[in-house]
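**Student:** Structure supplied as run.cif; contents: mmCIF, C-alpha atoms.
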data_model
#
loop_
_atom_site.label_atom_id
_atom_site.label_comp_id
_atom_site.auth_asym_id
_atom_site.auth_seq_id
_atom_site.Cartn_x
_atom_site.Cartn_y
_atom_site.Cartn_z
CA MET A 219 -9.40 7.42 -14.77
CA ALA A 220 -10.08 10.55 -12.75
CA THR A 221 -12.36 10.37 -9.74
CA GLU A 222 -15.52 12.39 -9.22
CA THR A 223 -15.48 15.37 -6.88
CA ARG A 224 -15.52 14.28 -3.24
CA THR A 225 -18.97 15.26 -1.95
CA HIS A 226 -19.77 12.58 0.64
CA ARG A 227 -18.22 11.37 3.88
CA PHE A 228 -15.91 8.40 4.09
CA ALA A 229 -18.36 5.57 4.84
CA THR A 230 -20.69 6.76 2.09
CA GLN A 231 -17.80 6.94 -0.36
CA SER A 232 -16.77 3.41 0.61
CA VAL A 233 -20.16 2.15 -0.54
CA HIS A 234 -20.90 4.40 -3.50
CA ALA A 235 -17.79 6.04 -4.98
CA GLY A 236 -16.82 5.01 -8.47
CA ALA A 237 -19.90 2.94 -9.26
CA SER A 238 -23.54 3.59 -10.13
CA PRO A 239 -26.54 1.57 -11.38
CA ASP A 240 -25.79 -0.02 -14.75
CA PRO A 241 -27.45 2.18 -17.41
CA SER A 242 -28.26 -0.80 -19.66
CA THR A 243 -29.80 -3.21 -17.15
CA GLY A 244 -30.39 -1.24 -13.96
CA ALA A 245 -28.14 -3.60 -12.01
CA ARG A 246 -27.24 -1.93 -8.73
CA VAL A 247 -24.08 -3.97 -8.12
CA GLN A 248 -21.07 -3.14 -10.30
CA PRO A 249 -21.08 -5.59 -13.25
CA ILE A 250 -18.03 -7.78 -13.88
CA TYR A 251 -16.86 -7.21 -17.45
CA PHE A 252 -15.18 -10.47 -18.42
CA THR A 253 -13.83 -9.44 -21.80
CA ASN A 254 -10.39 -9.01 -23.31
CA GLY A 255 -11.37 -6.37 -25.82
CA PHE A 256 -14.06 -3.82 -26.61
CA VAL A 257 -15.75 -3.13 -29.96
CA PHE A 258 -14.94 0.26 -31.48
CA ASP A 259 -17.50 2.47 -33.18
CA SER A 260 -15.08 3.34 -35.97
CA THR A 261 -11.46 3.08 -37.04
CA GLU A 262 -11.08 6.73 -36.09
CA GLN A 263 -12.26 6.04 -32.54
CA ALA A 264 -9.87 3.09 -32.24
CA ALA A 265 -6.95 5.20 -33.42
CA ASP A 266 -7.86 8.07 -31.08
CA ILE A 267 -8.05 5.78 -28.02
CA PHE A 268 -4.74 4.11 -28.81
CA ALA A 269 -3.06 7.47 -29.36
CA MET A 270 -4.55 8.84 -26.09
CA ARG A 271 -6.41 11.57 -27.98
CA LYS A 272 -9.65 10.24 -26.48
CA THR A 273 -10.44 8.14 -23.42
CA GLY A 274 -12.16 4.80 -23.77
CA PHE A 275 -11.75 1.07 -23.37
CA SER A 276 -9.74 -0.90 -25.89
CA TYR A 277 -8.11 -3.91 -24.21
CA SER A 278 -8.51 -5.03 -20.60
CA ARG A 279 -4.80 -5.07 -19.88
CA GLY A 280 -4.84 -1.28 -19.97
CA SER A 281 -8.31 -0.64 -18.59
CA ASN A 282 -11.62 -2.38 -17.98
CA PRO A 283 -14.93 -0.93 -16.71
CA THR A 284 -14.92 -3.04 -13.54
CA VAL A 285 -11.31 -2.18 -12.80
CA ALA A 286 -12.01 1.49 -13.55
CA ALA A 287 -14.78 1.50 -10.93
CA LEU A 288 -12.27 0.25 -8.35
CA GLU A 289 -9.78 2.93 -9.42
CA ARG A 290 -12.38 5.66 -9.00
CA ARG A 291 -13.43 4.39 -5.59
CA VAL A 292 -9.94 4.14 -4.12
CA ALA A 293 -8.99 7.51 -5.62
CA ALA A 294 -12.03 9.04 -3.93
CA LEU A 295 -11.20 7.46 -0.57
CA GLU A 296 -7.57 8.60 -0.75
CA GLY A 297 -8.42 12.09 -2.00
CA ALA A 298 -6.45 11.46 -5.20
CA LYS A 299 -7.12 12.79 -8.69
CA ALA A 300 -6.68 9.37 -10.32
CA ALA A 301 -5.67 5.79 -9.61
CA VAL A 302 -4.24 2.87 -11.58
CA ALA A 303 -5.06 -0.68 -10.46
CA VAL A 304 -2.50 -3.44 -11.04
CA SER A 305 -2.08 -7.15 -10.39
CA SER A 306 -0.43 -6.94 -6.95
CA GLY A 307 0.98 -4.56 -4.37
CA GLN A 308 4.45 -5.62 -5.44
CA SER A 309 3.57 -4.57 -9.01
CA ALA A 310 2.40 -1.21 -7.71
CA VAL A 311 5.74 -0.51 -6.02
CA LEU A 312 7.63 -1.73 -9.09
CA LEU A 313 5.68 0.49 -11.50
CA VAL A 314 6.10 3.56 -9.32
CA LEU A 315 9.87 3.12 -9.12
CA MET A 316 10.29 2.32 -12.81
CA THR A 317 8.05 5.18 -13.95
CA LEU A 318 9.95 7.71 -11.85
CA MET A 319 13.46 6.51 -12.59
CA GLN A 320 15.90 5.11 -15.11
CA SER A 321 19.22 3.36 -14.60
CA GLY A 322 21.61 5.36 -12.43
CA ASP A 323 18.88 7.21 -10.54
CA ALA A 324 18.37 6.92 -6.79
CA TYR A 325 15.64 7.35 -4.19
CA VAL A 326 15.61 7.68 -0.43
CA ALA A 327 13.80 4.78 1.25
CA SER A 328 12.74 4.07 4.78
CA PRO A 329 14.96 1.47 6.47
CA ARG A 330 11.84 -0.28 7.72
CA LEU A 331 9.59 -1.59 4.97
CA PHE A 332 7.68 -4.74 4.07
CA GLY A 333 10.20 -7.49 3.34
CA GLY A 334 8.97 -7.91 -0.23
CA SER A 335 9.57 -4.21 -0.90
CA LEU A 336 13.08 -4.44 0.50
CA GLY A 337 13.83 -7.48 -1.63
CA LEU A 338 12.50 -5.78 -4.76
CA MET A 339 14.55 -2.66 -4.08
CA ARG A 340 17.76 -4.61 -3.68
CA ARG A 341 17.08 -6.63 -6.83
CA LEU A 342 16.37 -3.49 -8.85
CA ASP A 343 19.61 -2.03 -7.53
CA GLY A 344 21.69 -5.04 -8.50
CA ARG A 345 20.15 -5.66 -11.93
CA TYR A 346 18.91 -2.26 -13.12
CA ASP A 347 20.97 0.27 -11.13
CA LEU A 348 17.99 1.90 -9.40
CA LYS A 349 19.64 2.79 -6.12
CA PRO A 350 17.84 2.80 -2.75
CA GLN A 351 19.46 5.27 -0.33
CA PHE A 352 18.21 3.86 2.98
CA ALA A 353 17.68 6.39 5.77
CA LYS A 354 19.53 5.62 8.99
CA GLY A 355 16.39 6.11 11.05
CA LEU A 356 12.74 7.09 10.74
CA THR A 357 12.86 10.84 11.42
CA PRO A 358 12.50 13.48 8.69
CA ALA A 359 16.13 14.48 9.33
CA ASP A 360 17.23 10.89 8.66
CA PHE A 361 15.52 11.00 5.27
CA GLU A 362 16.92 14.41 4.39
CA ALA A 363 20.47 13.33 5.23
CA GLN A 364 20.42 10.72 2.44
CA ILE A 365 19.32 13.02 -0.40
CA THR A 366 21.87 13.49 -3.21
CA PRO A 367 21.68 15.05 -6.69
CA GLN A 368 20.71 11.61 -8.03
CA THR A 369 17.68 11.31 -5.75
CA LYS A 370 14.35 11.19 -7.59
CA ALA A 371 11.86 10.33 -4.82
CA ILE A 372 11.30 9.57 -1.15
CA VAL A 373 9.58 6.29 -0.25
CA CYS A 374 8.10 5.20 3.09
CA GLU A 375 5.13 3.43 4.64
CA SER A 376 2.45 5.22 6.64
CA ILE A 377 2.43 2.45 9.26
CA VAL A 378 5.53 0.27 9.19
CA ASN A 379 5.10 -3.42 8.39
CA PRO A 380 5.32 -5.24 10.75
CA CYS A 381 6.28 -3.25 13.88
CA ALA A 382 3.34 -0.77 13.59
CA THR A 383 5.49 2.36 13.91
CA VAL A 384 3.57 5.39 12.61
CA MET A 385 5.65 7.64 10.36
CA ASP A 386 5.83 11.44 10.60
CA LEU A 387 4.31 12.06 7.18
CA VAL A 388 4.08 15.82 7.62
CA GLY A 389 7.76 16.10 8.50
CA ILE A 390 8.88 13.81 5.68
CA SER A 391 6.66 15.60 3.16
CA GLU A 392 8.25 18.91 4.16
CA VAL A 393 11.64 17.39 3.36
CA ALA A 394 10.31 16.26 -0.01
CA ARG A 395 8.95 19.76 -0.77
CA ARG A 396 12.26 21.43 0.13
CA HIS A 397 14.07 19.24 -2.39
CA ASN A 398 11.29 19.20 -5.02
CA LEU A 399 10.90 15.42 -4.80
CA PRO A 400 7.69 13.38 -4.94
CA LEU A 401 6.80 11.56 -1.72
CA VAL A 402 5.61 7.98 -2.24
CA VAL A 403 3.71 6.41 0.67
CA ASP A 404 2.69 2.77 0.96
CA ASN A 405 -0.61 3.02 2.84
CA THR A 406 -1.39 -0.69 2.96
CA LEU A 407 -1.32 -1.17 6.74
CA ALA A 408 -3.38 1.92 7.50
CA SER A 409 -5.84 1.98 4.60
CA PRO A 410 -7.54 5.32 3.93
CA ALA A 411 -9.90 4.55 6.81
CA LEU A 412 -7.06 5.33 9.24
CA ILE A 413 -4.67 7.60 7.32
CA ARG A 414 -5.07 9.56 4.08
CA PRO A 415 -1.42 10.35 3.27
CA ILE A 416 -2.26 12.92 0.59
CA GLU A 417 -3.73 15.12 3.32
CA TYR A 418 -0.28 15.07 4.97
CA GLY A 419 1.68 15.89 1.82
CA ALA A 420 2.10 12.60 -0.07
CA ASP A 421 2.18 12.83 -3.88
CA ILE A 422 1.77 9.13 -4.69
CA VAL A 423 0.03 6.49 -2.57
CA VAL A 424 0.24 2.75 -3.15
CA HIS A 425 -1.65 -0.20 -1.69
CA SER A 426 -1.62 -3.92 -1.74
CA THR A 427 -5.36 -4.32 -2.16
CA SER A 428 -4.87 -7.95 -1.08
CA LYS A 429 -4.89 -6.71 2.52
CA PHE A 430 -7.41 -4.44 4.21
CA LEU A 431 -9.09 -3.06 1.09
CA GLY A 432 -10.20 -6.50 -0.06
CA GLY A 433 -10.30 -7.77 3.49
CA SER A 434 -11.22 -11.42 3.01
CA GLY A 435 -7.97 -12.91 1.74
CA GLN A 436 -9.55 -13.86 -1.59
CA THR A 437 -7.65 -11.81 -4.14
CA ILE A 438 -4.27 -10.39 -5.09
CA GLY A 439 -4.11 -6.82 -6.33
CA GLY A 440 -2.48 -3.41 -6.03
CA ILE A 441 -3.27 0.20 -6.77
CA ILE A 442 -1.37 3.45 -7.36
CA CYS A 443 -3.00 6.78 -6.46
CA ASP A 444 -1.89 10.10 -7.97
CA ALA A 445 -2.53 13.16 -5.79
CA GLY A 446 -2.29 15.27 -8.94
CA ARG A 447 -0.45 18.21 -7.42
CA PHE A 448 3.28 17.56 -7.93
CA ASP A 449 4.68 19.95 -10.54
CA TRP A 450 6.57 17.59 -12.83
CA THR A 451 7.41 20.42 -15.23
CA ALA A 452 9.42 22.29 -12.57
CA THR A 453 12.04 19.57 -12.15
CA GLY A 454 14.39 20.27 -15.03
CA GLY A 455 13.41 17.21 -17.04
CA ARG A 456 14.26 14.72 -14.29
CA TYR A 457 11.16 12.62 -15.03
CA ASN A 458 11.40 12.02 -18.75
CA LEU A 459 8.50 9.56 -19.06
CA ILE A 460 6.20 12.23 -17.67
CA THR A 461 7.54 15.45 -19.21
CA GLU A 462 9.12 14.46 -22.55
CA PRO A 463 7.41 13.49 -25.83
CA TRP A 464 6.46 9.86 -26.46
CA SER A 465 7.41 9.26 -30.10
CA ASP A 466 5.19 6.15 -30.35
CA TYR A 467 2.19 8.26 -29.27
CA ASP A 468 2.58 10.97 -31.94
CA GLY A 469 4.76 13.12 -29.69
CA LEU A 470 2.38 13.03 -26.73
CA VAL A 471 3.67 15.05 -23.74
CA ILE A 472 1.74 13.75 -20.75
CA THR A 473 2.07 16.89 -18.64
CA GLU A 474 0.53 18.95 -21.45
CA ARG A 475 -2.35 16.59 -22.32
CA PHE A 476 -3.06 15.40 -18.76
CA PRO A 477 -1.69 18.06 -16.38
CA GLU A 478 -3.67 16.97 -13.29
CA ILE A 479 -3.13 13.20 -13.59
CA SER A 480 0.29 13.07 -15.27
CA PHE A 481 1.80 10.39 -13.08
CA ALA A 482 -1.24 8.11 -13.31
CA VAL A 483 -1.24 8.35 -17.11
CA ALA A 484 2.48 7.59 -17.28
CA CYS A 485 1.93 4.53 -15.07
CA ARG A 486 -0.90 3.35 -17.30
CA LEU A 487 1.00 3.79 -20.56
CA PHE A 488 4.34 2.40 -19.40
CA GLY A 489 3.14 0.14 -16.61
CA LEU A 490 0.03 -1.44 -18.07
CA ARG A 491 0.38 -1.07 -21.85
CA ASP A 492 4.12 -1.88 -21.94
CA LEU A 493 4.86 -4.03 -18.89
CA GLY A 494 1.39 -5.51 -18.57
CA PRO A 495 0.53 -6.35 -14.91
CA GLY A 496 -3.19 -5.67 -15.34
CA LEU A 497 -5.76 -6.51 -12.67
CA SER A 498 -8.43 -9.15 -13.30
CA PRO A 499 -11.99 -7.73 -13.36
CA MET A 500 -13.06 -10.46 -10.92
CA ASN A 501 -10.39 -9.35 -8.44
CA ALA A 502 -11.49 -5.74 -8.93
CA PHE A 503 -15.10 -6.71 -8.22
CA LEU A 504 -14.22 -8.61 -5.04
CA THR A 505 -12.09 -5.71 -3.85
CA LEU A 506 -14.90 -3.24 -4.52
CA THR A 507 -17.21 -5.42 -2.46
CA GLY A 508 -14.66 -5.57 0.35
CA ILE A 509 -14.20 -1.81 0.45
CA GLU A 510 -17.92 -1.35 1.18
CA THR A 511 -17.30 -2.52 4.76
CA LEU A 512 -13.80 -1.02 5.18
CA PRO A 513 -14.59 1.61 7.87
CA LEU A 514 -16.54 -0.90 9.95
CA ARG A 515 -13.80 -3.51 9.68
CA MET A 516 -10.96 -1.14 10.51
CA ALA A 517 -12.66 0.00 13.72
CA ARG A 518 -12.98 -3.62 14.87
CA HIS A 519 -9.45 -4.49 13.71
CA CYS A 520 -7.99 -1.67 15.78
CA SER A 521 -10.09 -2.41 18.86
CA ASN A 522 -9.19 -6.10 18.83
CA ALA A 523 -5.50 -5.42 18.17
CA ARG A 524 -5.24 -2.97 21.07
CA THR A 525 -6.79 -5.50 23.46
CA VAL A 526 -4.61 -8.40 22.29
CA ALA A 527 -1.43 -6.29 22.36
CA ALA A 528 -2.17 -5.10 25.90
CA HIS A 529 -2.76 -8.68 27.02
CA LEU A 530 0.51 -9.86 25.52
CA LYS A 531 2.43 -6.94 27.02
CA ASP A 532 1.52 -8.13 30.51
CA HIS A 533 2.22 -11.83 29.91
CA PRO A 534 5.30 -13.24 31.70
CA ALA A 535 6.47 -15.16 28.61
CA VAL A 536 6.61 -11.99 26.48
CA GLU A 537 9.75 -9.83 26.31
CA TRP A 538 8.20 -6.86 24.50
CA VAL A 539 5.31 -5.80 22.28
CA SER A 540 5.59 -3.23 19.46
CA TYR A 541 2.20 -1.53 19.22
CA PRO A 542 2.36 2.26 19.70
CA ALA A 543 -1.23 2.64 20.87
CA LEU A 544 -0.23 1.15 24.23
CA PRO A 545 0.73 3.59 27.03
CA GLY A 546 4.46 4.14 27.31
CA GLN A 547 5.30 2.60 23.94
CA PRO A 548 7.85 4.25 21.62
CA GLY A 549 5.98 6.32 19.05
CA GLU A 550 2.89 6.68 21.22
CA SER A 551 2.56 10.43 20.56
CA MET A 552 3.00 9.99 16.79
CA ALA A 553 0.31 7.31 16.73
CA ALA A 554 -2.05 9.50 18.75
CA CYS A 555 -1.51 12.32 16.24
CA TYR A 556 -1.99 10.39 13.00
CA VAL A 557 -4.19 7.41 13.95
CA PRO A 558 -6.42 8.23 16.94
CA GLN A 559 -8.53 5.16 16.04
CA GLY A 560 -5.44 3.00 16.47
CA PRO A 561 -2.36 2.07 14.41
CA GLY A 562 -4.01 -0.78 12.57
CA SER A 563 -4.04 -4.46 13.49
CA ILE A 564 -0.52 -5.61 12.56
CA PHE A 565 2.16 -5.75 15.24
CA THR A 566 5.08 -7.78 16.49
CA PHE A 567 5.99 -9.20 19.88
CA ALA A 568 9.02 -11.07 21.18
CA LEU A 569 9.09 -14.18 23.33
CA LYS A 570 11.62 -14.63 26.12
CA GLY A 571 12.29 -18.17 24.94
CA GLY A 572 13.78 -16.99 21.64
CA GLU A 573 13.30 -18.54 18.21
CA ALA A 574 12.26 -21.95 19.50
CA ALA A 575 9.53 -20.38 21.61
CA ALA A 576 8.33 -18.23 18.71
CA LYS A 577 7.99 -21.23 16.42
CA THR A 578 6.34 -23.37 19.08
CA PHE A 579 3.84 -20.59 19.80
CA ILE A 580 2.88 -20.25 16.13
CA THR A 581 2.44 -23.98 15.54
CA SER A 582 0.40 -24.29 18.76
CA LEU A 583 -2.23 -21.77 17.69
CA GLU A 584 -5.59 -23.30 16.85
CA LEU A 585 -7.91 -20.41 15.96
CA ILE A 586 -5.27 -18.04 14.59
CA SER A 587 -3.96 -19.26 11.23
CA HIS A 588 -0.26 -19.69 10.38
CA LEU A 589 -0.41 -17.66 7.17
CA VAL A 590 1.80 -15.06 5.49
CA ASN A 591 -0.89 -12.53 4.49
CA ILE A 592 -2.12 -9.66 6.66
CA GLY A 593 -5.22 -7.50 6.85
CA GLU A 594 -7.79 -10.28 6.62
CA ILE A 595 -10.96 -10.70 8.66
CA LYS A 596 -9.31 -13.83 10.11
CA SER A 597 -6.42 -13.49 12.56
CA LEU A 598 -3.04 -14.62 11.26
CA ALA A 599 0.46 -15.29 12.61
CA ILE A 600 3.88 -15.65 10.96
CA HIS A 601 7.57 -15.85 11.91
CA PRO A 602 9.03 -12.91 9.93
CA ALA A 603 12.70 -13.77 10.44
CA THR A 604 12.37 -16.94 8.38
CA THR A 605 9.69 -15.79 5.93
CA THR A 606 8.76 -12.21 5.02
CA HIS A 607 12.03 -10.64 6.22
CA ARG A 608 14.38 -13.58 5.79
CA GLN A 609 16.63 -11.69 3.35
CA LEU A 610 17.68 -9.16 6.01
CA GLY A 611 20.92 -9.50 7.93
CA ASP A 612 20.79 -10.10 11.68
CA ALA A 613 21.44 -6.44 12.53
CA ASP A 614 18.74 -5.25 10.12
CA LYS A 615 16.28 -7.78 11.53
CA ALA A 616 16.93 -6.51 15.03
CA ALA A 617 16.48 -2.89 13.94
CA ALA A 618 13.22 -3.76 12.19
CA MET A 619 12.02 -5.67 15.28
CA VAL A 620 11.76 -8.96 13.38
CA GLY A 621 14.49 -10.95 15.11
CA PRO A 622 14.28 -14.74 15.55
CA GLU A 623 12.34 -14.36 18.82
CA THR A 624 9.63 -12.28 17.12
CA VAL A 625 6.10 -13.18 16.00
CA ARG A 626 3.97 -11.00 13.73
CA LEU A 627 0.23 -10.98 14.36
CA SER A 628 -2.50 -9.72 12.06
CA ILE A 629 -5.54 -9.40 14.27
CA GLY A 630 -8.90 -10.07 12.66
CA LEU A 631 -12.54 -9.59 13.51
CA GLU A 632 -13.20 -12.58 15.77
CA ASN A 633 -14.43 -12.13 19.33
CA VAL A 634 -11.39 -10.85 21.15
CA GLU A 635 -12.00 -13.18 24.10
CA ASP A 636 -11.60 -16.17 21.77
CA LEU A 637 -8.37 -14.74 20.32
CA ILE A 638 -6.91 -14.24 23.80
CA ALA A 639 -7.90 -17.77 24.81
CA ASP A 640 -6.12 -19.18 21.76
CA ILE A 641 -3.02 -17.08 22.44
CA ASP A 642 -2.98 -18.15 26.09
CA GLN A 643 -3.22 -21.85 25.32
CA ALA A 644 -0.35 -21.50 22.82
CA LEU A 645 1.77 -19.56 25.35
CA ALA A 646 1.05 -22.20 27.99
CA LYS A 647 2.83 -24.78 25.81
CA LEU A 648 6.10 -22.84 26.09
CA SER A 649 6.58 -23.71 29.76
#
Give the structure from this file in structure tokens form.

**Tutor:**
Amino acid sequence: MATETRTHRFATQSVHAGASPDPSTGARVQPIYFTNGFVFDSTEQAADIFAMRKTGFSYSRGSNPTVAALERRVAALEGAKAAVAVSSGQSAVLLVLMTLMQSGDAYVASPRLFGGSLGLMRRLDGRYDLKPQFAKGLTPADFEAQITPQTKAIVCESIVNPCATVMDLVGISEVARRHNLPLVVDNTLASPALIRPIEYGADIVVHSTSKFLGGSGQTIGGIICDAGRFDWTATGGRYNLITEPWSDYDGLVITERFPEISFAVACRLFGLRDLGPGLSPMNAFLTLTGIETLPLRMARHCSNARTVAAHLKDHPAVEWVSYPALPGQPGESMAACYVPQGPGSIFTFALKGGEAAAKTFITSLELISHLVNIGEIKSLAIHPATTTHRQLGDADKAAAMVGPETVRLSIGLENVEDLIADIDQALAKLS
């Protein structure tokens, strides 16, 4: 579903975009439409909706009014022309890769990504011959060096999970433009409250809505945003799902029928109608509710994270902290350019006592929860080397700053003095 024209500022859009008072009842809150199917006015209408000749609701796997409201809101916040909500962030990444490519195709990927994304990419390579060409580093030149004739896309995160490095989206998007490739950006750690990747040249933006968008750790979900400006027709037929006729849809050519939202429509037809990872309307409703407070939450997340990271940096038990908002940190200038509010609330730090110290620290925390999610209002801690990034080799773990001595923190909205007290009592148990 396409979003309305952006006419309000970000906080207003967070509250209002995509939803309006229910015309039947006057309900101000977005209703939850718990229904599998929708009654058609006629057989002609049913046929037209299924053939994509007309828009409308038919079956909730493909679209649902509550889910559509979430799609419109996130599209508005990201500055996208359309969005497609799915059952998880992992599903969002999967659908983007499978919509863009077929067996034998390749894509350039950042060497530092969420562990689940890395695992998915390697599995798709081994089973379906979708080849990740990992950049050697994080600079635009590193990405460009890996491009081959088989490359169909460039994939990176806006803020790297979990080391908080901020990527040079402008530079990478310029590489993508030079080679006529779509740039796919996972914006989960930043959220559109901190970075709007489309403004820096991204063509496709994905989120795990389970994190900052939802905010409360209640739901699983994902979303794909289509900037609507990549010229799929100028690629020599490289993206056949988007530019070639669909025989089972009466010869529909998506770029002709839906020129401004071609990628979103392809994701909906192939991803939701064929593969089927639809989002529950209840999860869409809870995520919509969470987004209403997104700008307020992100400001507090960043403030708390900066204070906690600075405290850890000066602690004698800590070897290093990776949070580029701190003075003298690698990537400080990039973070200041892209995220003046702060590079989110996820970061890693290493303990001088190694893996044993890291595990003791985590299990000694009392207020901060030992939990694998991120982006919640509650503060969370995990040992990435044995959980989220366990599939990486030792060298890759070291490069990604998730070695055995490393702890990942997701800083929440508690009083920062209480978080520091909890961290200090856990660190005291290492001596």

**Student:** Once the PyMOL selection byres ((chain A and resi 277-279) around 8) has been evaluated on this model, what residues remain selected, and can you format them as a PyMOL selection string?

**Tutor:** chain A and resi 253-256+275-276+280-282+490-491+494-497

**Student:** If we count only C-alpha atoms and set the cut-off at 7 Å, which residues sit around Gly435 (chain A), ignoring sequence neighbours fewer than 5 positions away in its own chain? Please answer as a VMD selection string.

**Tutor:** chain A and resid 428 to 429 594

**Student:** Need to verify the contact set: Ala310 (chain A), 7 Å, only C-alpha atoms, exclusion of same-chain residues closer than 5 positions in sequence. Can you return it as a list in words?

**Tutor:** Val304, Val424, Gly440, Ile441 and Ile442 of chain A

**Student:** Can you pull out the residues contacting Leu315 (chain A)? Cut-off 12 Å, using only C-alpha atoms, and skip same-chain residues under 2 positions away; I want them as a count of residues only.

**Tutor:** 44

**Student:** Do you know which residues are at most 12 Å from Ala264 (chain A) counting only C-alpha atoms, after dropping those on the same chain fewer than 3 positions away, and could you put them as an mmCIF file with C-alpha atoms, keeping the file's coordinate frame?

**Tutor:**
data_model
loop_
_atom_site.group_PDB
_atom_site.id
_atom_site.type_symbol
_atom_site.label_atom_id
_atom_site.label_comp_id
_atom_site.auth_asym_id
_atom_site.auth_seq_id
_atom_site.Cartn_x
_atom_site.Cartn_y
_atom_site.Cartn_z
ATOM 1 C CA GLY A 255 -11.370 -6.370 -25.820
ATOM 2 C CA PHE A 256 -14.060 -3.820 -26.610
ATOM 3 C CA VAL A 257 -15.750 -3.130 -29.960
ATOM 4 C CA PHE A 258 -14.940 0.260 -31.480
ATOM 5 C CA ASP A 259 -17.500 2.470 -33.180
ATOM 6 C CA SER A 260 -15.080 3.340 -35.970
ATOM 7 C CA THR A 261 -11.460 3.080 -37.040
ATOM 8 C CA ILE A 267 -8.050 5.780 -28.020
ATOM 9 C CA PHE A 268 -4.740 4.110 -28.810
ATOM 10 C CA ALA A 269 -3.060 7.470 -29.360
ATOM 11 C CA MET A 270 -4.550 8.840 -26.090
ATOM 12 C CA ARG A 271 -6.410 11.570 -27.980
ATOM 13 C CA LYS A 272 -9.650 10.240 -26.480
ATOM 14 C CA THR A 273 -10.440 8.140 -23.420
ATOM 15 C CA GLY A 274 -12.160 4.800 -23.770
ATOM 16 C CA PHE A 275 -11.750 1.070 -23.370
ATOM 17 C CA SER A 276 -9.740 -0.900 -25.890
ATOM 18 C CA TYR A 277 -8.110 -3.910 -24.210
#

**Student:** Residues at most 8 Å from Gly630 (chain A), counting only C-alpha atoms, excluding those fewer than 5 positions away in the same chain, as number ranges by chain?

**Tutor:** A: 518-519, 522-523, 563, 593-598
